[in-house]
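Notes follow once the structure below has been shown.
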Amino acid sequence: DPMGKQNFGALEIDAAATAGGEKVGSVTVDGLGLGPVHLMKVDVEGMERDVLMGARGTILEHKPAIYVENDRDEKSPALIQAIEEMGYVAYWHLPALYSAQNPAGNAENLFPGIVSINMICWHKDNVPEFAKKIASHRVLGPDDRWTRFIGAPV
């Protein structure tokens, strides 16, 4: 309900949520015919795997670093599997939603203990040297979950 109070930025597009809605066109990343791609950021509220599948040709050709949200527990295994099948190594990135050094200078943390759940992924042929320093955050396969870091410094 567009008149109701909710986080419109976190809505997932699915058949149940869009029943009676307006149809709009879409295009795949591969359909854009891009030149060299060095970095892809994917944050599409549960449709990350779909976007990666629509960018598969671009990803396999250019082997960009991929920064992808992975905060839907039920969709995480398929997302991780898709990344691994394209020859990528993934690492959990869990930045806090609050920083004491925020540009507004707000001292009050309205988001205590809340992190954004993401993965930074590099093709196995392009993993940077500094990744050794974050080896403890490597995604351990499709069944791995970010929750193993709860209570640990991230």
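Letters A, B, ... mark the chains of the structure tokens in the order given; residue numbers begin at 1 per chain; ligand numbers begin at 1, in order shown.
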
Skipping near chain neighbours, those fewer than 3 positions away, what residues fall within 6 Å of stretch 109-122 of chain A using only C-alpha atoms, listed as a VMD selection string? chain A and resid 65 to 71 88 to 98 127

Deliver the residues from the most recent selection as a file, using N, CA, C and O atoms, as a PDB file, in the first residue's frame.
ATOM      1  N   ALA A  65      35.367  -7.050  -9.970  1.00  0.00           N
ATOM      2  CA  ALA A  65      35.068  -7.244  -8.555  1.00  0.00           C
ATOM      3  C   ALA A  65      33.557  -7.045  -8.420  1.00  0.00           C
ATOM      4  O   ALA A  65      32.969  -6.224  -9.134  1.00  0.00           O
ATOM      5  N   ILE A  66      32.943  -7.799  -7.528  1.00  0.00           N
ATOM      6  CA  ILE A  66      31.495  -7.704  -7.332  1.00  0.00           C
ATOM      7  C   ILE A  66      31.221  -7.459  -5.854  1.00  0.00           C
ATOM      8  O   ILE A  66      31.673  -8.226  -4.996  1.00  0.00           O
ATOM      9  N   TYR A  67      30.498  -6.389  -5.572  1.00  0.00           N
ATOM     10  CA  TYR A  67      30.056  -6.094  -4.207  1.00  0.00           C
ATOM     11  C   TYR A  67      28.554  -6.316  -4.200  1.00  0.00           C
ATOM     12  O   TYR A  67      27.810  -5.628  -4.899  1.00  0.00           O
ATOM     13  N   VAL A  68      28.119  -7.317  -3.444  1.00  0.00           N
ATOM     14  CA  VAL A  68      26.723  -7.748  -3.542  1.00  0.00           C
ATOM     15  C   VAL A  68      26.091  -7.895  -2.160  1.00  0.00           C
ATOM     16  O   VAL A  68      26.691  -8.461  -1.243  1.00  0.00           O
ATOM     17  N   GLU A  69      24.884  -7.358  -2.029  1.00  0.00           N
ATOM     18  CA  GLU A  69      24.143  -7.522  -0.784  1.00  0.00           C
ATOM     19  C   GLU A  69      23.698  -8.981  -0.675  1.00  0.00           C
ATOM     20  O   GLU A  69      23.331  -9.605  -1.676  1.00  0.00           O
ATOM     21  N   ASN A  70      23.727  -9.522   0.547  1.00  0.00           N
ATOM     22  CA  ASN A  70      23.298 -10.904   0.777  1.00  0.00           C
ATOM     23  C   ASN A  70      22.586 -10.966   2.128  1.00  0.00           C
ATOM     24  O   ASN A  70      23.056 -11.592   3.063  1.00  0.00           O
ATOM     25  N   ASP A  71      21.442 -10.299   2.216  1.00  0.00           N
ATOM     26  CA  ASP A  71      20.746 -10.224   3.497  1.00  0.00           C
ATOM     27  C   ASP A  71      19.425 -10.991   3.533  1.00  0.00           C
ATOM     28  O   ASP A  71      18.632 -10.820   4.455  1.00  0.00           O
ATOM     29  N   TYR A  88      34.277 -17.285  -8.689  1.00  0.00           N
ATOM     30  CA  TYR A  88      34.559 -16.204  -7.746  1.00  0.00           C
ATOM     31  C   TYR A  88      34.787 -16.719  -6.330  1.00  0.00           C
ATOM     32  O   TYR A  88      34.260 -17.752  -5.926  1.00  0.00           O
ATOM     33  N   VAL A  89      35.577 -15.952  -5.597  1.00  0.00           N
ATOM     34  CA  VAL A  89      35.816 -16.160  -4.172  1.00  0.00           C
ATOM     35  C   VAL A  89      35.136 -14.994  -3.465  1.00  0.00           C
ATOM     36  O   VAL A  89      35.321 -13.838  -3.844  1.00  0.00           O
ATOM     37  N   ALA A  90      34.332 -15.284  -2.439  1.00  0.00           N
ATOM     38  CA  ALA A  90      33.565 -14.248  -1.748  1.00  0.00           C
ATOM     39  C   ALA A  90      34.022 -14.108  -0.303  1.00  0.00           C
ATOM     40  O   ALA A  90      34.446 -15.080   0.328  1.00  0.00           O
ATOM     41  N   TYR A  91      33.901 -12.875   0.203  1.00  0.00           N
ATOM     42  CA  TYR A  91      34.241 -12.550   1.585  1.00  0.00           C
ATOM     43  C   TYR A  91      33.098 -11.736   2.173  1.00  0.00           C
ATOM     44  O   TYR A  91      32.572 -10.832   1.522  1.00  0.00           O
ATOM     45  N   TRP A  92      32.723 -12.051   3.413  1.00  0.00           N
ATOM     46  CA  TRP A  92      31.680 -11.286   4.088  1.00  0.00           C
ATOM     47  C   TRP A  92      32.181  -9.881   4.383  1.00  0.00           C
ATOM     48  O   TRP A  92      33.308  -9.694   4.816  1.00  0.00           O
ATOM     49  N   HIS A  93      31.318  -8.886   4.158  1.00  0.00           N
ATOM     50  CA  HIS A  93      31.583  -7.499   4.555  1.00  0.00           C
ATOM     51  C   HIS A  93      30.358  -7.032   5.317  1.00  0.00           C
ATOM     52  O   HIS A  93      29.258  -6.998   4.766  1.00  0.00           O
ATOM     53  N   LEU A  94      30.547  -6.688   6.583  1.00  0.00           N
ATOM     54  CA  LEU A  94      29.442  -6.407   7.490  1.00  0.00           C
ATOM     55  C   LEU A  94      29.610  -5.038   8.158  1.00  0.00           C
ATOM     56  O   LEU A  94      29.781  -4.943   9.373  1.00  0.00           O
ATOM     57  N   PRO A  95      29.536  -3.956   7.389  1.00  0.00           N
ATOM     58  CA  PRO A  95      29.723  -2.635   7.998  1.00  0.00           C
ATOM     59  C   PRO A  95      28.538  -2.253   8.882  1.00  0.00           C
ATOM     60  O   PRO A  95      27.378  -2.513   8.548  1.00  0.00           O
ATOM     61  N   ALA A  96      28.855  -1.631  10.012  1.00  0.00           N
ATOM     62  CA  ALA A  96      27.818  -1.133  10.913  1.00  0.00           C
ATOM     63  C   ALA A  96      27.040  -0.016  10.226  1.00  0.00           C
ATOM     64  O   ALA A  96      27.597   0.729   9.414  1.00  0.00           O
ATOM     65  N   LEU A  97      25.760   0.105  10.548  1.00  0.00           N
ATOM     66  CA  LEU A  97      24.952   1.172   9.962  1.00  0.00           C
ATOM     67  C   LEU A  97      25.273   2.535  10.577  1.00  0.00           C
ATOM     68  O   LEU A  97      24.930   3.561  10.003  1.00  0.00           O
ATOM     69  N   TYR A  98      25.936   2.538  11.718  1.00  0.00           N
ATOM     70  CA  TYR A  98      26.281   3.794  12.377  1.00  0.00           C
ATOM     71  C   TYR A  98      27.789   3.932  12.462  1.00  0.00           C
ATOM     72  O   TYR A  98      28.509   2.977  12.736  1.00  0.00           O
ATOM     73  N   VAL A 127      42.163 -12.260  -7.213  1.00  0.00           N
ATOM     74  CA  VAL A 127      42.022 -11.954  -5.790  1.00  0.00           C
ATOM     75  C   VAL A 127      43.208 -11.082  -5.372  1.00  0.00           C
ATOM     76  O   VAL A 127      44.359 -11.464  -5.561  1.00  0.00           O
TER      77      VAL A 127
END

Using Å and a single decimal, report how far atom CA of A:Thr147 sits from atom CA of A:Ile59.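 One can read the atom CA of A:Ile59 to atom CA of A:Thr147 distance as 28.0 Å.
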
Of the candidates A:Pro128, A:Ser26, A:Asp143, A:Gly35, which shows the shortest atom-to-atom distance to A:Leu79, using only C-alpha atoms? A:Asp143

I'd like the neighbourhood of A:Val51 as a ChimeraX atom specification, where a residue qualifies if any of its atoms comes within 8 Å (using only C-alpha atoms), though same-chain residues fewer than 6 positions away should be ignored. /A:28-29,42

Export, as a compact mmCIF listing (two decimals), in the first residue's frame, the selected residues with N, CA and C atoms.
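Wrote selection.txt, looks like this:
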# COMPACT_ATOMS: atom_id res chain seq x y z
N THR A 28 18.72 -6.75 -19.12
CA THR A 28 19.82 -7.38 -18.40
C THR A 28 21.08 -6.54 -18.57
N VAL A 29 22.02 -6.74 -17.68
CA VAL A 29 23.32 -6.08 -17.82
C VAL A 29 23.97 -6.52 -19.13
N VAL A 42 25.72 -4.71 -6.54
CA VAL A 42 24.38 -5.25 -6.74
C VAL A 42 23.66 -5.24 -5.39

Filtered DSSP result for chain A, state helix (DSSP H, G or I), as an MDAnalysis selection string: chainID A and resid 8:10 15:18 30:32 48:53 56:62 76:85 129:137 146:149

Quick one: everything within 12 Å of A:Ala55, counting only C-alpha atoms, minus sequence neighbours fewer than 5 positions away in the same chain. Send it as a VMD selection string. chain A and resid 27 to 34 37 40 to 42 48 to 50 60 to 64 66 82 to 83 86

Would you pick out the contacts of A:Ile13 at 12 Å or less, using only C-alpha atoms, so that residues sharing its chain but fewer than 4 positions from it are not included, and give the list as a list in words? Phe8, Gly9, Ala17, Thr18, Ala19, Gly21, Glu22, Lys23, Val24, Val44, Glu45, Gly46, Met47, Glu48 and Asp50 of chain A

Interatomic distance (Å, one decimal) between atom CA of A:Asp144 and atom CA of A:Glu84: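 Computing it gives 12.6 Å between the two atoms.
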
Running DSSP on the backbone, which parts of chain A land in strand (DSSP E), as a list of chain:residue names?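 Across chain A, those assigned strand (DSSP E) are A:Leu39, A:Met40, A:Lys41, A:Val42, A:Ala65, A:Ile66, A:Tyr67, A:Val68, A:Glu69, A:Tyr88, A:Val89, A:Ala90, A:Tyr91, A:Trp92, A:His93, A:Asn118, A:Met119, A:Ile120, A:Cys121, A:Trp122, A:His123.
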